file target.pdb (PDB, C-alpha atoms)
ATOM      1  CA  MET A   1      41.526   3.207 -29.414
ATOM      2  CA  THR A   2      38.720   2.043 -31.682
ATOM      3  CA  GLY A   3      37.065  -1.263 -30.804
ATOM      4  CA  LEU A   4      40.281  -2.868 -29.537
ATOM      5  CA  THR A   5      40.093  -5.232 -26.578
ATOM      6  CA  ALA A   6      43.085  -5.376 -24.258
ATOM      7  CA  VAL A   7      44.317  -8.887 -23.477
ATOM      8  CA  ARG A   8      46.213 -10.389 -20.555
ATOM      9  CA  VAL A   9      49.963 -10.097 -20.579
ATOM     10  CA  SER A  10      50.258 -13.893 -20.593
ATOM     11  CA  ALA A  11      49.722 -13.644 -24.370
ATOM     12  CA  LEU A  12      52.731 -11.360 -24.779
ATOM     13  CA  PRO A  13      55.686 -13.069 -26.532
ATOM     14  CA  ILE A  14      58.242 -12.634 -23.746
ATOM     15  CA  ILE A  15      61.680 -13.904 -24.746
ATOM     16  CA  ALA A  16      63.248 -13.527 -21.307
ATOM     17  CA  LYS A  17      62.399 -12.327 -17.810
ATOM     18  CA  ILE A  18      65.446 -10.962 -15.992
ATOM     19  CA  PRO A  19      65.139 -10.467 -12.225
ATOM     20  CA  ILE A  20      66.497  -7.092 -11.107
ATOM     21  CA  PRO A  21      66.003  -6.319  -7.404
ATOM     22  CA  ASP A  22      65.786  -2.933  -5.711
ATOM     23  CA  ALA A  23      63.326  -0.973  -7.859
ATOM     24  CA  PRO A  24      64.656  -1.165 -11.428
ATOM     25  CA  ASP A  25      63.443   1.827 -13.380
ATOM     26  CA  TRP A  26      65.202   3.809 -16.114
ATOM     27  CA  MET A  27      66.834   2.172 -19.145
ATOM     28  CA  ALA A  28      69.341   2.968 -21.881
ATOM     29  CA  VAL A  29      70.164   0.821 -24.903
ATOM     30  CA  ALA A  30      73.859   0.454 -25.792
ATOM     31  CA  PRO A  31      75.423  -1.417 -28.744
ATOM     32  CA  ASP A  32      75.824  -4.645 -26.779
ATOM     33  CA  ALA A  33      73.726  -4.182 -23.669
ATOM     34  CA  VAL A  34      70.747  -2.663 -21.919
ATOM     35  CA  TRP A  35      71.533  -0.599 -18.825
ATOM     36  CA  VAL A  36      69.001  -0.342 -16.003
ATOM     37  CA  SER A  37      69.054   1.951 -12.984
ATOM     38  CA  ARG A  38      68.110   0.576  -9.559
ATOM     39  CA  THR A  39      66.647   3.448  -7.599
ATOM     40  CA  GLY A  40      66.481   1.314  -4.462
ATOM     41  CA  GLY A  41      69.937  -0.147  -4.908
ATOM     42  CA  ASP A  42      72.082   2.925  -5.593
ATOM     43  CA  SER A  43      73.412   1.365  -8.765
ATOM     44  CA  VAL A  44      73.097   0.821 -12.487
ATOM     45  CA  VAL A  45      73.238  -2.711 -13.887
ATOM     46  CA  ARG A  46      74.417  -3.887 -17.281
ATOM     47  CA  VAL A  47      72.347  -6.583 -18.988
ATOM     48  CA  ASP A  48      74.165  -8.406 -21.783
ATOM     49  CA  ALA A  49      71.948  -8.427 -24.874
ATOM     50  CA  ALA A  50      73.432 -11.728 -26.045
ATOM     51  CA  THR A  51      72.830 -13.690 -22.843
ATOM     52  CA  ASN A  52      70.007 -11.747 -21.127
ATOM     53  CA  LYS A  53      72.031 -11.775 -17.920
ATOM     54  CA  ILE A  54      73.348  -9.070 -15.595
ATOM     55  CA  VAL A  55      77.102  -8.908 -16.181
ATOM     56  CA  ALA A  56      78.049  -5.790 -14.196
ATOM     57  CA  THR A  57      76.802  -3.552 -11.393
ATOM     58  CA  VAL A  58      78.065   0.028 -11.113
ATOM     59  CA  ALA A  59      77.558   1.990  -7.894
ATOM     60  CA  VAL A  60      75.694   5.269  -8.477
ATOM     61  CA  HIS A  61      74.117   7.253  -5.640
ATOM     62  CA  ALA A  62      70.365   7.829  -6.021
ATOM     63  CA  PRO A  63      70.036   7.223  -9.773
ATOM     64  CA  CYS A  64      67.027   9.045 -11.179
ATOM     65  CA  SER A  65      65.688  11.044 -14.102
ATOM     66  CA  GLY A  66      66.595   8.694 -16.931
ATOM     67  CA  LEU A  67      69.623   7.059 -18.515
ATOM     68  CA  ALA A  68      71.275   7.788 -21.855
ATOM     69  CA  PHE A  69      73.962   6.248 -24.015
ATOM     70  CA  GLY A  70      76.244   8.429 -26.117
ATOM     71  CA  PHE A  71      79.897   9.175 -26.820
ATOM     72  CA  GLY A  72      80.764   5.626 -25.798
ATOM     73  CA  SER A  73      79.412   6.166 -22.284
ATOM     74  CA  VAL A  74      76.341   5.696 -20.131
ATOM     75  CA  TRP A  75      75.063   8.919 -18.527
ATOM     76  CA  ALA A  76      73.184   8.556 -15.242
ATOM     77  CA  PRO A  77      71.648  11.488 -13.346
ATOM     78  CA  ASN A  78      72.095  11.442  -9.590
ATOM     79  CA  CYS A  79      69.353  12.976  -7.414
ATOM     80  CA  GLN A  80      71.513  12.975  -4.288
ATOM     81  CA  ASP A  81      74.499  14.922  -5.585
ATOM     82  CA  LEU A  82      72.504  16.697  -8.340
ATOM     83  CA  ALA A  83      75.136  15.604 -10.820
ATOM     84  CA  ILE A  84      75.511  13.410 -13.898
ATOM     85  CA  ASN A  85      77.601  10.260 -13.603
ATOM     86  CA  ARG A  86      79.525   9.190 -16.689
ATOM     87  CA  ILE A  87      80.018   5.422 -16.835
ATOM     88  CA  ASP A  88      82.676   3.799 -18.999
ATOM     89  CA  PRO A  89      81.258   0.501 -20.358
ATOM     90  CA  ALA A  90      84.756  -0.791 -21.080
ATOM     91  CA  ALA A  91      85.611  -0.645 -17.380
ATOM     92  CA  ASN A  92      82.090  -0.731 -15.885
ATOM     93  CA  ARG A  93      82.850   2.156 -13.579
ATOM     94  CA  VAL A  94      82.092   5.850 -13.099
ATOM     95  CA  THR A  95      84.825   7.949 -14.698
ATOM     96  CA  ALA A  96      83.404  11.453 -14.206
ATOM     97  CA  ARG A  97      80.770  13.365 -12.228
ATOM     98  CA  ILE A  98      79.465  16.550 -13.809
ATOM     99  CA  ALA A  99      77.954  19.050 -11.364
ATOM    100  CA  SER A 100      75.089  20.096 -13.575
ATOM    101  CA  GLY A 101      72.040  20.000 -11.335
ATOM    102  CA  VAL A 102      69.052  17.694 -11.854
ATOM    103  CA  ALA A 103      65.611  19.263 -12.154
ATOM    104  CA  ASP A 104      63.284  16.455 -11.138
ATOM    105  CA  SER A 105      63.369  12.751 -10.349
ATOM    106  CA  GLU A 106      60.735  12.219 -13.064
ATOM    107  CA  GLY A 107      62.834  13.783 -15.791
ATOM    108  CA  GLY A 108      65.150  12.578 -18.505
ATOM    109  CA  ILE A 109      68.482  12.855 -20.242
ATOM    110  CA  ALA A 110      69.340  12.719 -23.949
ATOM    111  CA  ALA A 111      72.443  12.468 -26.103
ATOM    112  CA  ASP A 112      73.018  13.440 -29.716
ATOM    113  CA  ALA A 113      76.017  14.405 -31.828
ATOM    114  CA  THR A 114      76.188  17.836 -30.163
ATOM    115  CA  GLY A 115      76.368  16.708 -26.539
ATOM    116  CA  VAL A 116      74.426  15.368 -23.589
ATOM    117  CA  TRP A 117      71.298  17.292 -22.593
ATOM    118  CA  VAL A 118      69.518  17.513 -19.237
ATOM    119  CA  VAL A 119      67.170  19.952 -17.487
ATOM    120  CA  THR A 120      69.028  21.205 -14.437
ATOM    121  CA  ASP A 121      66.940  23.525 -12.231
ATOM    122  CA  ARG A 122      63.959  22.662 -10.057
ATOM    123  CA  ALA A 123      61.757  25.130 -11.892
ATOM    124  CA  GLY A 124      62.366  23.203 -15.110
ATOM    125  CA  SER A 125      63.443  26.322 -16.965
ATOM    126  CA  THR A 126      67.060  25.584 -17.938
ATOM    127  CA  LEU A 127      68.330  22.970 -20.382
ATOM    128  CA  ALA A 128      72.065  22.267 -20.076
ATOM    129  CA  GLN A 129      74.361  20.965 -22.791
ATOM    130  CA  ILE A 130      77.218  18.847 -21.440
ATOM    131  CA  ASP A 131      80.413  18.728 -23.463
ATOM    132  CA  PRO A 132      81.642  15.106 -23.288
ATOM    133  CA  ALA A 133      85.158  16.103 -24.348
ATOM    134  CA  ARG A 134      85.599  18.164 -21.190
ATOM    135  CA  ASN A 135      82.967  16.654 -18.889
ATOM    136  CA  ARG A 136      81.403  19.975 -18.046
ATOM    137  CA  VAL A 137      78.371  22.084 -18.867
ATOM    138  CA  ALA A 138      79.142  23.975 -22.066
ATOM    139  CA  ALA A 139      75.886  25.898 -22.569
ATOM    140  CA  LYS A 140      72.563  26.657 -20.899
ATOM    141  CA  VAL A 141      69.351  27.173 -22.853
ATOM    142  CA  PRO A 142      66.347  29.004 -21.332
ATOM    143  CA  ILE A 143      63.220  26.881 -21.802
ATOM    144  CA  GLU A 144      59.575  27.076 -20.781
ATOM    145  CA  ARG A 145      59.127  26.749 -17.013
ATOM    146  CA  GLY A 146      57.835  23.321 -16.019
ATOM    147  CA  SER A 147      59.846  21.343 -18.595
ATOM    148  CA  PHE A 148      61.705  18.230 -17.454
ATOM    149  CA  VAL A 149      62.284  15.640 -20.202
ATOM    150  CA  PRO A 150      64.484  16.057 -23.315
ATOM    151  CA  ALA A 151      64.715  13.703 -26.297
ATOM    152  CA  ALA A 152      67.021  13.709 -29.307
ATOM    153  CA  GLY A 153      65.902  13.179 -32.890
ATOM    154  CA  ALA A 154      64.989  14.788 -36.204
ATOM    155  CA  GLY A 155      67.959  17.120 -36.004
ATOM    156  CA  ALA A 156      66.972  18.762 -32.726
ATOM    157  CA  ILE A 157      66.510  18.367 -29.003
ATOM    158  CA  TRP A 158      62.845  18.249 -27.999
ATOM    159  CA  VAL A 159      61.645  19.090 -24.499
ATOM    160  CA  SER A 160      58.167  18.462 -23.131
ATOM    161  CA  CYS A 161      56.695  21.257 -21.038
ATOM    162  CA  THR A 162      54.348  19.539 -18.616
ATOM    163  CA  ALA A 163      53.155  22.759 -17.014
ATOM    164  CA  ARG A 164      52.073  24.458 -20.249
ATOM    165  CA  ASN A 165      51.078  21.512 -22.459
ATOM    166  CA  LEU A 166      53.837  22.191 -24.975
ATOM    167  CA  LEU A 167      56.517  20.413 -26.939
ATOM    168  CA  CYS A 168      59.498  22.706 -27.478
ATOM    169  CA  ARG A 169      62.067  22.353 -30.237
ATOM    170  CA  VAL A 170      65.603  23.420 -29.325
ATOM    171  CA  ASP A 171      68.197  24.379 -31.937
ATOM    172  CA  THR A 172      71.340  22.716 -30.570
ATOM    173  CA  HIS A 173      73.705  25.124 -32.328
ATOM    174  CA  ALA A 174      71.860  28.397 -31.730
ATOM    175  CA  HIS A 175      71.056  27.310 -28.149
ATOM    176  CA  ARG A 176      67.487  28.565 -28.210
ATOM    177  CA  VAL A 177      63.913  27.353 -28.460
ATOM    178  CA  VAL A 178      62.788  27.719 -32.073
ATOM    179  CA  ALA A 179      59.263  26.249 -31.845
ATOM    180  CA  ARG A 180      56.604  25.859 -29.168
ATOM    181  CA  ILE A 181      53.993  23.289 -30.177
ATOM    182  CA  PRO A 182      50.724  22.781 -28.263
ATOM    183  CA  VAL A 183      50.166  19.078 -27.539
ATOM    184  CA  GLY A 184      47.929  17.107 -25.182
ATOM    185  CA  PRO A 185      47.541  17.812 -21.455
ATOM    186  CA  SER A 186      50.564  17.361 -19.171
ATOM    187  CA  PRO A 187      53.065  15.850 -21.604
ATOM    188  CA  ARG A 188      56.160  14.474 -19.925
ATOM    189  CA  PHE A 189      57.809  11.448 -21.499
ATOM    190  CA  LEU A 190      58.483  11.543 -25.232
ATOM    191  CA  ALA A 191      60.267   9.784 -28.066
ATOM    192  CA  ALA A 192      61.777  11.268 -31.215
ATOM    193  CA  ALA A 193      62.420   9.658 -34.589
ATOM    194  CA  ASP A 194      63.408  11.125 -37.951
ATOM    195  CA  ASP A 195      59.810  11.529 -39.119
ATOM    196  CA  ALA A 196      57.865  12.169 -35.913
ATOM    197  CA  VAL A 197      58.065  13.161 -32.262
ATOM    198  CA  TRP A 198      55.642  11.465 -29.869
ATOM    199  CA  THR A 199      54.520  12.732 -26.464
ATOM    200  CA  LEU A 200      52.760  10.689 -23.803
ATOM    201  CA  ASN A 201      50.268  13.072 -22.238
ATOM    202  CA  GLN A 202      49.762  12.207 -18.581
ATOM    203  CA  GLY A 203      46.723  14.464 -18.303
ATOM    204  CA  ASP A 204      44.487  12.182 -20.375
ATOM    205  CA  GLY A 205      46.588   9.203 -21.520
ATOM    206  CA  THR A 206      46.663  10.284 -25.158
ATOM    207  CA  VAL A 207      49.702  10.321 -27.421
ATOM    208  CA  SER A 208      50.398  13.371 -29.602
ATOM    209  CA  ARG A 209      52.242  12.920 -32.896
ATOM    210  CA  VAL A 210      54.232  15.955 -34.079
ATOM    211  CA  ASP A 211      55.613  16.349 -37.598
ATOM    212  CA  PRO A 212      59.148  17.820 -37.266
ATOM    213  CA  ARG A 213      58.940  19.273 -40.790
ATOM    214  CA  THR A 214      56.017  21.517 -39.890
ATOM    215  CA  ASN A 215      56.264  21.594 -36.068
ATOM    216  CA  ARG A 216      52.576  20.734 -35.830
ATOM    217  CA  VAL A 217      50.486  17.995 -34.222
ATOM    218  CA  VAL A 218      49.225  15.713 -36.984
ATOM    219  CA  ALA A 219      47.499  13.090 -34.812
ATOM    220  CA  THR A 220      46.151  12.625 -31.300
ATOM    221  CA  ILE A 221      45.848   8.961 -30.372
ATOM    222  CA  ALA A 222      43.539   7.686 -27.637
ATOM    223  CA  THR A 223      45.319   4.821 -25.874
ATOM    224  CA  GLY A 224      42.829   3.896 -23.171
ATOM    225  CA  ILE A 225      45.506   4.599 -20.563
ATOM    226  CA  PRO A 226      43.976   6.524 -17.649
ATOM    227  CA  LYS A 227      45.147   9.913 -16.469
ATOM    228  CA  ARG A 228      48.101   9.296 -14.142
ATOM    229  CA  PRO A 229      51.760  10.123 -13.506
ATOM    230  CA  GLY A 230      54.543   7.871 -14.742
ATOM    231  CA  GLY A 231      54.529   5.815 -17.893
ATOM    232  CA  ASP A 232      56.966   5.811 -20.787
ATOM    233  CA  ILE A 233      57.121   5.830 -24.584
ATOM    234  CA  ALA A 234      59.614   4.591 -27.178
ATOM    235  CA  VAL A 235      59.906   4.176 -30.951
ATOM    236  CA  GLY A 236      61.429   1.261 -32.826
ATOM    237  CA  GLU A 237      60.892  -1.927 -34.828
ATOM    238  CA  GLY A 238      58.292  -0.094 -36.907
ATOM    239  CA  PHE A 239      55.968   0.845 -34.050
ATOM    240  CA  VAL A 240      55.449   3.211 -31.126
ATOM    241  CA  TRP A 241      55.400   1.566 -27.701
ATOM    242  CA  VAL A 242      53.766   2.922 -24.547
ATOM    243  CA  ALA A 243      54.172   1.473 -21.062
ATOM    244  CA  ALA A 244      52.099   2.334 -17.997
ATOM    245  CA  LYS A 245      51.379   0.826 -14.612
ATOM    246  CA  GLY A 246      48.838  -1.951 -15.057
ATOM    247  CA  ILE A 247      49.084  -1.649 -18.856
ATOM    248  CA  PRO A 248      52.633  -2.801 -19.625
ATOM    249  CA  VAL A 249      52.336  -2.650 -23.419
ATOM    250  CA  THR A 250      50.374  -0.502 -25.823
ATOM    251  CA  LYS A 251      51.481  -0.867 -29.461
ATOM    252  CA  ILE A 252      50.725   1.946 -31.918
ATOM    253  CA  ASP A 253      51.052   1.598 -35.687
ATOM    254  CA  PRO A 254      52.468   4.903 -37.042
ATOM    255  CA  LYS A 255      51.074   4.108 -40.496
ATOM    256  CA  THR A 256      47.515   4.403 -39.196
ATOM    257  CA  ASN A 257      48.024   6.260 -35.902
ATOM    258  CA  GLN A 258      45.975   3.573 -34.193
ATOM    259  CA  VAL A 259      46.523   1.274 -31.238
ATOM    260  CA  VAL A 260      46.880  -2.240 -32.656
ATOM    261  CA  ALA A 261      47.569  -4.208 -29.462
ATOM    262  CA  GLN A 262      47.344  -3.687 -25.730
ATOM    263  CA  PHE A 263      48.198  -5.916 -22.783
ATOM    264  CA  VAL A 264      47.071  -5.518 -19.184
ATOM    265  CA  ALA A 265      48.522  -6.962 -15.983
ATOM    266  CA  LYS A 266      50.511  -6.037 -12.915
ATOM    267  CA  GLY A 267      53.741  -4.318 -13.885
ATOM    268  CA  GLY A 268      54.765  -1.841 -16.551
ATOM    269  CA  ASP A 269      56.241   1.660 -16.394
ATOM    270  CA  ALA A 270      59.405   1.900 -18.553
ATOM    271  CA  VAL A 271      60.049   0.884 -22.172
ATOM    272  CA  ARG A 272      62.941   0.972 -24.645
ATOM    273  CA  VAL A 273      63.587  -0.660 -28.022
ATOM    274  CA  GLY A 274      66.840  -2.186 -29.223
ATOM    275  CA  HIS A 275      68.606  -5.384 -30.234
ATOM    276  CA  GLY A 276      65.516  -6.462 -32.177
ATOM    277  CA  SER A 277      63.407  -6.419 -29.020
ATOM    278  CA  VAL A 278      61.161  -4.334 -26.808
ATOM    279  CA  TRP A 279      62.458  -4.017 -23.240
ATOM    280  CA  LEU A 280      59.975  -3.482 -20.409
ATOM    281  CA  CYS A 281      61.110  -2.631 -16.907
ATOM    282  CA  SER A 282      58.837  -2.894 -13.875
ATOM    283  CA  PHE A 283      59.956  -1.662 -10.460
ATOM    284  CA  ILE A 284      56.811  -3.256  -9.017
ATOM    285  CA  LEU A 285      57.707  -6.747 -10.273
ATOM    286  CA  GLN A 286      61.464  -6.101 -10.018
ATOM    287  CA  GLU A 287      61.920  -7.568 -13.483
ATOM    288  CA  LEU A 288      63.121  -6.638 -16.939
ATOM    289  CA  TRP A 289      61.217  -8.284 -19.785
ATOM    290  CA  ARG A 290      62.600  -8.809 -23.268
ATOM    291  CA  VAL A 291      59.731  -8.997 -25.754
ATOM    292  CA  ASP A 292      59.553 -10.069 -29.388
ATOM    293  CA  PRO A 293      58.014  -7.057 -31.212
ATOM    294  CA  ASN A 294      56.550  -9.195 -34.005
ATOM    295  CA  PHE A 295      53.053  -9.877 -32.770
TER     296      PHE A 295
END
call {"tool": "encode", "arguments": {"input": "target.pdb", "output": "structure tokens"}}
result
Amino acid sequence: MTGLTAVRVSALPIIAKIPIPDAPDWMAVAPDAVWVSRTGGDSVVRVDAATNKIVATVAVHAPCSGLAFGFGSVWAPNCQDLAINRIDPAANRVTARIASGVADSEGGIAADATGVWVVTDRAGSTLAQIDPARNRVAAKVPIERGSFVPAAGAGAIWVSCTARNLLCRVDTHAHRVVARIPVGPSPRFLAAADDAVWTLNQGDGTVSRVDPRTNRVVATIATGIPKRPGGDIAVGEGFVWVAAKGIPVTKIDPKTNQVVAQFVAKGGDAVRVGHGSVWLCSFILQELWRVDPNF
């Protein structure tokens, strides 16, 4: 972060602030909505992207470890039953529970054309592929121990290995790790696009950019975010977005691999991009912010 001064969040172009009680946390973007888990409310809420209002609440025990949208459904890990809840948005209800296991509350879940992917054992050494046609685990992939968060993009599933400072590329058809890429210290949350995979490294607050054509780090970006757990990262609207406690928004330009804006204030921790907006969720403030990305 070269010579950039962070500014107060009051300068952020917030389109809407949506109150969500009971520790809102994980998010998933659907074609007409943003879904938010409430870890303190044993539920997932549906926020209509047209009205910026909560239009449904679906009971889910102990939601944790991310949310994903795919195959016309919302997929919500459950840290109480160690299962994945499948939510039908047409009915706003759980239609299946898949007994997969859930590795860690600070994990993730991803969906691509080949299935739904989640790390399932506490050691973080097994990646499961869920078959949405049968609502069951169809395959298990051995991965590096200490891996917890998958992401889909660039024709693969990518899994960050926090314990060994690696980004692993998984071939979804061969069901094996085909590349192990050294990145920054303690990577956990990540985002994948067609041309790059980005890891937020909790060990020093940097962001590593990996080229999926070469499976190599091509940039390491200093964000000014301190070493700490938590945080989140997303890609969309032409930029990379990082959220962290006390630093709700850090905007990275992928053309220059530089931070171009940063906002500080109470709040921050989760970020997603969709419906022409950046969505920021803060369990501290118990709010979801919809932000205009054009600043």
call {"tool": "axis_aligned_box", "arguments": {"input": "target.pdb", "around": "stretch 123-136 of chain A", "padding_each_side": "8 Å", "output": "lines of an AutoDock Vina configuration file"}}
result
center_x = 73.7
center_y = 20.7
center_z = -18.1
size_x = 39.8
size_y = 27.2
size_z = 28.5
call {"tool": "resolve_selection", "arguments": {"input": "target.pdb", "expression": "the PyMOL selection byres ((chain A and resi 219-222) around 6)", "output": "MDAnalysis selection string"}}
result
chainID A and resid 1 206:209 217:218 223:224
call {"tool": "resolve_selection", "arguments": {"input": "target.pdb", "expression": "the PyMOL selection byres ((chain A and resi 194) around 10)", "output": "PyMOL selection string"}}
result
chain A and resi 152-156+192-193+195-197+211-213
call {"tool": "residues_around", "arguments": {"input": "target.pdb", "residues": "A:Leu12", "least_positions_apart": "4", "cutoff": "9 Å", "atoms": "all atoms listed in the file", "output": "NGL selection string"}}
result
:A and (7-8 or 249 or 263 or 291-292 or 295)
call {"tool": "residues_near_point", "arguments": {"input": "target.pdb", "point": "(70.7, 9.7, -23.8)", "cutoff": "8 Å", "atoms": "all atoms listed in the file", "output": "list of chain:residue names"}}
result
A:Ala28, A:Leu67, A:Ala68, A:Phe69, A:Gly70, A:Val74, A:Trp75, A:Ile109, A:Ala110, A:Ala111, A:Asp112, A:Val116, A:Trp117, A:Ala151, A:Ala152
call {"tool": "resolve_selection", "arguments": {"input": "target.pdb", "expression": "the PyMOL selection byres ((chain A and resi 237) around 10)", "output": "compact mmCIF listing (two decimals) with C-alpha atoms, in the frame of the given file"}}
result
# COMPACT_ATOMS: atom_id res chain seq x y z
CA VAL A 235 59.91 4.18 -30.95
CA GLY A 236 61.43 1.26 -32.83
CA GLY A 238 58.29 -0.09 -36.91
CA PHE A 239 55.97 0.84 -34.05
CA VAL A 240 55.45 3.21 -31.13
CA TRP A 241 55.40 1.57 -27.70
CA VAL A 273 63.59 -0.66 -28.02
CA GLY A 274 66.84 -2.19 -29.22
CA HIS A 275 68.61 -5.38 -30.23
CA GLY A 276 65.52 -6.46 -32.18
CA SER A 277 63.41 -6.42 -29.02
CA VAL A 278 61.16 -4.33 -26.81
CA ASP A 292 59.55 -10.07 -29.39
CA PRO A 293 58.01 -7.06 -31.21
CA ASN A 294 56.55 -9.20 -34.01
call {"tool": "atom_distance", "arguments": {"input": "target.pdb", "atom1": "atom CA of A:Val9", "atom2": "atom CA of A:Ala243"}}
result
12.3 Å
call {"tool": "atom_distance", "arguments": {"input": "target.pdb", "atom1": "atom CA of A:Val44", "atom2": "atom CA of A:Asp88"}}
result
12.0 Å
call {"tool": "residues_around", "arguments": {"input": "target.pdb", "residues": "A:Gln129", "least_positions_apart": "2", "cutoff": "8 Å", "atoms": "only C-alpha atoms", "output": "PyMOL selection string"}}
result
chain A and resi 115-118+127+131+137-141
call {"tool": "residues_around", "arguments": {"input": "target.pdb", "residues": "A:Arg46", "least_positions_apart": "2", "cutoff": "10 Å", "atoms": "all atoms listed in the file", "output": "PyMOL selection string"}}
result
chain A and resi 27-30+32-37+44+48-49+52-58+89+92
call {"tool": "build_atoms", "arguments": {"input": "target.pdb", "residues": "stretch 140-162 of chain A", "atoms": "N, CA and C atoms", "output": "PDB file, in the coordinates of the input"}}
result
ATOM      1  N   LYS A 140      73.861  26.743 -21.563  1.00  0.00           N
ATOM      2  CA  LYS A 140      72.563  26.657 -20.899  1.00  0.00           C
ATOM      3  C   LYS A 140      71.527  27.352 -21.778  1.00  0.00           C
ATOM      4  N   VAL A 141      70.410  26.668 -21.981  1.00  0.00           N
ATOM      5  CA  VAL A 141      69.351  27.173 -22.853  1.00  0.00           C
ATOM      6  C   VAL A 141      68.113  27.475 -22.015  1.00  0.00           C
ATOM      7  N   PRO A 142      67.611  28.720 -22.018  1.00  0.00           N
ATOM      8  CA  PRO A 142      66.347  29.004 -21.332  1.00  0.00           C
ATOM      9  C   PRO A 142      65.196  28.281 -22.028  1.00  0.00           C
ATOM     10  N   ILE A 143      64.373  27.587 -21.256  1.00  0.00           N
ATOM     11  CA  ILE A 143      63.220  26.881 -21.802  1.00  0.00           C
ATOM     12  C   ILE A 143      61.977  27.250 -21.010  1.00  0.00           C
ATOM     13  N   GLU A 144      60.825  26.790 -21.471  1.00  0.00           N
ATOM     14  CA  GLU A 144      59.575  27.076 -20.781  1.00  0.00           C
ATOM     15  C   GLU A 144      59.592  26.466 -19.375  1.00  0.00           C
ATOM     16  N   ARG A 145      59.192  27.222 -18.399  1.00  0.00           N
ATOM     17  CA  ARG A 145      59.127  26.749 -17.013  1.00  0.00           C
ATOM     18  C   ARG A 145      58.204  25.530 -16.922  1.00  0.00           C
ATOM     19  N   GLY A 146      58.641  24.528 -16.153  1.00  0.00           N
ATOM     20  CA  GLY A 146      57.835  23.321 -16.019  1.00  0.00           C
ATOM     21  C   GLY A 146      58.149  22.273 -17.067  1.00  0.00           C
ATOM     22  N   SER A 147      59.378  22.334 -17.616  1.00  0.00           N
ATOM     23  CA  SER A 147      59.846  21.343 -18.595  1.00  0.00           C
ATOM     24  C   SER A 147      60.882  20.446 -17.923  1.00  0.00           C
ATOM     25  N   PHE A 148      60.814  19.133 -18.186  1.00  0.00           N
ATOM     26  CA  PHE A 148      61.705  18.230 -17.454  1.00  0.00           C
ATOM     27  C   PHE A 148      62.353  17.136 -18.299  1.00  0.00           C
ATOM     28  N   VAL A 149      61.794  16.808 -19.461  1.00  0.00           N
ATOM     29  CA  VAL A 149      62.284  15.640 -20.202  1.00  0.00           C
ATOM     30  C   VAL A 149      62.721  16.031 -21.616  1.00  0.00           C
ATOM     31  N   PRO A 150      64.024  15.847 -21.944  1.00  0.00           N
ATOM     32  CA  PRO A 150      64.484  16.057 -23.315  1.00  0.00           C
ATOM     33  C   PRO A 150      64.565  14.739 -24.091  1.00  0.00           C
ATOM     34  N   ALA A 151      64.492  14.845 -25.412  1.00  0.00           N
ATOM     35  CA  ALA A 151      64.715  13.703 -26.297  1.00  0.00           C
ATOM     36  C   ALA A 151      65.436  14.206 -27.537  1.00  0.00           C
ATOM     37  N   ALA A 152      66.241  13.342 -28.129  1.00  0.00           N
ATOM     38  CA  ALA A 152      67.021  13.709 -29.307  1.00  0.00           C
ATOM     39  C   ALA A 152      66.459  13.014 -30.537  1.00  0.00           C
ATOM     40  N   GLY A 153      66.358  13.766 -31.637  1.00  0.00           N
ATOM     41  CA  GLY A 153      65.902  13.179 -32.890  1.00  0.00           C
ATOM     42  C   GLY A 153      65.491  14.246 -33.874  1.00  0.00           C
ATOM     43  N   ALA A 154      65.431  13.875 -35.149  1.00  0.00           N
ATOM     44  CA  ALA A 154      64.989  14.788 -36.204  1.00  0.00           C
ATOM     45  C   ALA A 154      65.793  16.084 -36.214  1.00  0.00           C
ATOM     46  N   GLY A 155      67.079  15.969 -35.916  1.00  0.00           N
ATOM     47  CA  GLY A 155      67.959  17.120 -36.004  1.00  0.00           C
ATOM     48  C   GLY A 155      67.792  18.164 -34.925  1.00  0.00           C
ATOM     49  N   ALA A 156      67.224  17.786 -33.791  1.00  0.00           N
ATOM     50  CA  ALA A 156      66.972  18.762 -32.726  1.00  0.00           C
ATOM     51  C   ALA A 156      66.926  18.052 -31.378  1.00  0.00           C
ATOM     52  N   ILE A 157      66.891  18.861 -30.323  1.00  0.00           N
ATOM     53  CA  ILE A 157      66.510  18.367 -29.003  1.00  0.00           C
ATOM     54  C   ILE A 157      65.087  18.855 -28.745  1.00  0.00           C
ATOM     55  N   TRP A 158      64.251  17.955 -28.282  1.00  0.00           N
ATOM     56  CA  TRP A 158      62.845  18.249 -27.999  1.00  0.00           C
ATOM     57  C   TRP A 158      62.620  18.137 -26.505  1.00  0.00           C
ATOM     58  N   VAL A 159      61.893  19.083 -25.936  1.00  0.00           N
ATOM     59  CA  VAL A 159      61.645  19.090 -24.499  1.00  0.00           C
ATOM     60  C   VAL A 159      60.150  19.247 -24.258  1.00  0.00           C
ATOM     61  N   SER A 160      59.585  18.347 -23.475  1.00  0.00           N
ATOM     62  CA  SER A 160      58.167  18.462 -23.131  1.00  0.00           C
ATOM     63  C   SER A 160      57.998  19.440 -21.984  1.00  0.00           C
ATOM     64  N   CYS A 161      57.025  20.326 -22.121  1.00  0.00           N
ATOM     65  CA  CYS A 161      56.695  21.257 -21.038  1.00  0.00           C
ATOM     66  C   CYS A 161      55.387  20.793 -20.412  1.00  0.00           C
ATOM     67  N   THR A 162      55.513  20.110 -19.288  1.00  0.00           N
ATOM     68  CA  THR A 162      54.348  19.539 -18.616  1.00  0.00           C
ATOM     69  C   THR A 162      53.406  20.628 -18.118  1.00  0.00           C
TER      70      THR A 162
END
